[in-house]
Amino acid sequence: MLVIDKYAYQNKIVHWSPVLKGCLWLLGMILAFQPLIWLKLLLLVGVVSATLYVTGVGLHQYLRWYYGILPFLALSILGIILTVGPSRHTLYWSLPVFGQYFGISKVMLPQGLTIGLRALSAITCTYFLALTTPFQQIVYLLVKLHLPRLLIEETMLMYRFIFIFIAAWEQIYHAQQLRFGYRNFHTSIHSLSLLIKLLFEQIIYNYREMDNALAVKLYHGEFPITTRERSGNNA
Amino acid sequence: MLELQHVNFSYEPGKEVLHDINLKLDQAQVIGIIGPNGSGKSTLFLNLVGIQRPDSGQILLDGQPLRYDKKSLLALRKRIGIIFQNSEQQIFYSLVEDDVAFALHNLGLPQAEIDARVDQALAKLDISDLRQRPIQYLSGGQKKRVAIAGILVLDSEWLLLDEPTAGLDPDGRRRMVRLIHQLIANGQKIILSSHDMDFMYEVGQYFYILQDGKIVKSGDKQSVFRERTLIEAAKLEQPWLVRLHEDLHLPLYATPAELFADKALQKKLAQLDLSGEEEKE
């Protein structure tokens, strides 16, 4: 189950207009990409506290959502600031490697950190949107932005099927876990490949069932998009 | 009227799933197709709505053989609605009301009528309060009702329910019985498939027993459920109300409610003092 999704339906500003929330997100993005560092920091602190307040999510749980992103962010920053040069004066903490010096570039360090901060503030703003805006409001925004129908239809269906997919994945995973499928590296790799195979088979099987259900619901190639402005309900 | 004449069907050559099926589905308002797992009930339903096509024999709707071009299938599926066993694979939208309205949008009905029909269907199934709920947070029983509402909105002449009680808790099952009684009262024609014998006995009116793709028995409550040997040979069991009658010689009741409301029986049983408490002492 996606916990992150639950907060979108039950937060203090769920009834705000999706357009307003979209504009807030855009404003956040602009502030994240403007050059003033202090303003970025202010944005970061401001949005984090606002998110915690309106969603009521605990700080610990909130920080856990960053675990998946931080490694990527850290790697990108390292890629920017680490460098090899002929002189040790341009580097901090240099190490001699094959007649060259390897270390942190004095020029790139502030740039790398700025980019890191920019990315972090942008992600925080996006989390704010994701945690306060139910999916139907996002669809409404997409329609308002006149994005192509096909794209919106696909987004709609993907959102629905993510949950079916996660449920199927969890079921197989737990069944394997209970039979010691993930005891060590060897069995884990084996179980994981079985899991992927099973999921694939289920997809084919479910596809057939869904195809039948679509036929009896008189589907003829288009998923109608409902565009009434709605607010989420207390799920 | 819906009729099957000598219908044979197989998914792969040489392995017949339906064998020489002859059905006239007009004996009663609620017709039950009873059979164990793998007897061909779902396949029979898929044939009825034109998703599968008989290898030989034919299906007649009001005397006309089914046709399989796009237009005829659309007309057929407006007249025969079917609810499959797995709800999850019949729900495509993430919001209850959007999903229930899906078929109506496909028909291109005006929004006002769609709203009215969705309101009605949600009220019938007692899920008006779930209207704006995201599907992923509903229980299995609630999803089942959403799936039913999504077909009920079509107001089709026939309603096919494949294993309607599978996976439901006692409350869900009670609701299903109530819903079917309510639909009967509204004049809805229903075809049920199930191996839940007590359920079928309670709501059905005319029955066919399907075993290994063949109809082995048909008839009303009296004639079908009393055939113990035949029922057991078909890997089914008699409803408990029928067993009370046959083994304990109680009157034959049509529903559990009728049994528990029988004051005369209660009086007689009270005189017998069957609690067994004295013996224990």
# chains A, B, ... in the order shown; residues from 1 in each chain; ligands from 1

$ residues_around --residues "Ser223 (chain B)" --least-positions-apart "2" --cutoff "12 Å" --atoms "only C-alpha atoms" --output "PyMOL selection string"
chain B and resi 201+205-209+217-221+225-228+230-231+242

$ residues_around --residues "Phe163 (chain A)" --least-positions-apart "6" --cutoff "10 Å" --atoms "only C-alpha atoms" --output "PDB file with C-alpha atoms, in the first residue's frame"
ATOM      1  CA  MET A   1       0.000   0.000   0.000  1.00  0.00           C
ATOM      2  CA  LEU A   2       1.232   3.455  -0.836  1.00  0.00           C
ATOM      3  CA  TRP A 169       3.690  -7.952  -5.674  1.00  0.00           C
TER       4      TRP A 169
ATOM      5  CA  SER B  94      -9.844   5.383  -9.144  1.00  0.00           C
ATOM      6  CA  ILE B 135     -11.156   2.531  -4.990  1.00  0.00           C
ATOM      7  CA  GLN B 136      -7.833   1.426  -3.534  1.00  0.00           C
ATOM      8  CA  TYR B 137      -9.023   2.000   0.035  1.00  0.00           C
TER       9      TYR B 137
END

$ closest_atom_pairs --of "chain B" --to "chain A" --cutoff "6 Å" --atoms "only C-alpha atoms" --output "CSV"
residue,atom,partner,partner_atom,distance
B:Arg77,CA,A:Val216,CA,5.9
B:Gln89,CA,A:Met210,CA,5.2
B:Gln90,CA,A:Ala213,CA,5.3
B:Ser94,CA,A:Arg160,CA,5.5
B:Ala103,CA,A:Lys217,CA,4.8
B:Asn106,CA,A:Tyr219,CA,5.9

$ closest_residue --among "B:Lys263, B:Lys214, B:Lys124, B:Arg173" --to "Leu152 (chain B)" --atoms "only C-alpha atoms"
B:Lys124

$ residues_around --residues "Gly99 (chain A)" --least-positions-apart "6" --cutoff "12 Å" --atoms "only C-alpha atoms" --output "PyMOL selection string"
chain A and resi 84-88

$ select_by_dssp --residues "region 23-234 of chain B" --states "strand (DSSP E)" --output "PyMOL selection string"
chain B and resi 23-24+30-34+56-61+64-65+80-83+158-162+189-194+206-211+214-220

$ closest_residue --among "A:Leu129, A:Leu195, A:Val139, A:Ile204" --to "Ala8 (chain A)" --atoms "only C-alpha atoms"
A:Leu129

$ residues_around --residues "Pro35 (chain A)" --least-positions-apart "3" --cutoff "12 Å" --atoms "only C-alpha atoms" --output "compact mmCIF listing (two decimals) with C-alpha atoms, in the first residue's frame"
# COMPACT_ATOMS: atom_id res chain seq x y z
CA ILE A 30 10.39 29.43 -9.36
CA LEU A 31 11.79 30.13 -5.89
CA ALA A 32 13.83 26.91 -6.04
CA TRP A 38 19.01 32.33 1.48
CA LEU A 39 15.66 32.39 -0.30
CA LYS A 40 16.06 28.73 -1.27
CA LEU A 41 16.84 27.83 2.32
CA GLN A 111 28.08 25.30 -7.58
CA THR A 114 23.75 25.22 -4.97
CA ILE A 115 22.46 22.67 -7.45
CA LEU A 117 19.92 22.76 -2.64
CA ARG A 118 17.92 23.69 -5.73

$ residues_around --residues "Gln29 (chain B)" --least-positions-apart "5" --cutoff "12 Å" --atoms "only C-alpha atoms" --output "JSON list (two decimals) with C-alpha atoms, in the first residue's frame"
[["chain", "number", "residue", "atom", "x", "y", "z"],
["B", 1, "MET", "CA", -36.14, -14.79, -24.38],
["B", 157, "GLU", "CA", -33.06, -6.65, -19.18],
["B", 158, "TRP", "CA", -30.96, -9.56, -17.90],
["B", 159, "LEU", "CA", -28.39, -9.44, -15.18],
["B", 160, "LEU", "CA", -25.79, -12.22, -15.05],
["B", 180, "ILE", "CA", -31.31, -9.91, -5.33],
["B", 181, "HIS", "CA", -34.71, -9.89, -3.61],
["B", 183, "LEU", "CA", -34.01, -6.63, -7.94],
["B", 184, "ILE", "CA", -36.64, -9.37, -8.23],
["B", 185, "ALA", "CA", -39.22, -6.99, -6.78],
["B", 186, "ASN", "CA", -38.26, -4.47, -9.48],
["B", 187, "GLY", "CA", -38.89, -7.07, -12.16],
["B", 188, "GLN", "CA", -35.22, -7.63, -13.04],
["B", 189, "LYS", "CA", -34.44, -10.93, -14.79],
["B", 190, "ILE", "CA", -31.42, -12.56, -13.17],
["B", 191, "ILE", "CA", -29.17, -15.48, -14.01],
["B", 192, "LEU", "CA", -26.86, -16.60, -11.22],
["B", 203, "VAL", "CA", -32.73, -16.73, -3.92],
["B", 204, "GLY", "CA", -33.14, -18.94, -6.99],
["B", 205, "GLN", "CA", -36.39, -20.05, -8.60],
["B", 206, "TYR", "CA", -35.39, -22.42, -11.39],
["B", 207, "PHE", "CA", -32.11, -24.31, -11.59],
["B", 220, "ASP", "CA", -37.51, -25.93, -9.65]]

$ residues_around --residues "region 170-172 of chain A" --least-positions-apart "6" --cutoff "12 Å" --atoms "only C-alpha atoms" --output "count of residues only"
17

$ residues_around --residues "Ile4 (chain A)" --least-positions-apart "4" --cutoff "10 Å" --atoms "only C-alpha atoms" --output "PyMOL selection string"
chain A and resi 8-9+57+61-62+65+127+130-132

$ write_last_selection --atoms "C-alpha atoms" --output "tab-separated table (two decimals), in the first residue's frame"
chain	number	residue	atom	x	y	z
A	8	ALA	CA	-3.34	13.26	-0.32
A	9	TYR	CA	-6.95	12.40	0.56
A	57	VAL	CA	2.58	13.35	8.99
A	61	GLN	CA	7.88	9.18	8.31
A	62	TYR	CA	8.36	12.32	6.22
A	65	TRP	CA	10.34	9.45	1.86
A	127	TYR	CA	6.16	16.35	-2.18
A	130	ALA	CA	1.76	15.08	-3.97
A	131	LEU	CA	0.83	14.93	-0.29
A	132	THR	CA	-1.97	17.50	-0.42

$ atom_distance --atom1 "CA of Asn22 (chain B)" --atom2 "CA of Asp155 (chain B)"
26.9 Å

$ select_by_dssp --residues "region 25-213 of chain A" --states "helix (DSSP H, G or I)" --output "ChimeraX atom specification"
/A:25-33,37-55,59-64,70-81,88-90,108-132,135-144,149-178,185-213

$ closest_residue --among "A:Tyr53, A:Tyr67, A:Phe128, A:Trp93" --to "Gly28 (chain A)" --atoms "only C-alpha atoms"
A:Phe128

$ atom_distance --atom1 "CA of Ser193 (chain B)" --atom2 "CA of Leu44 (chain B)"
9.5 Å

$ closest_residue --among "A:Met108, A:Leu26, A:Val48, A:Val3" --to "Leu63 (chain A)" --atoms "only C-alpha atoms"
A:Val48
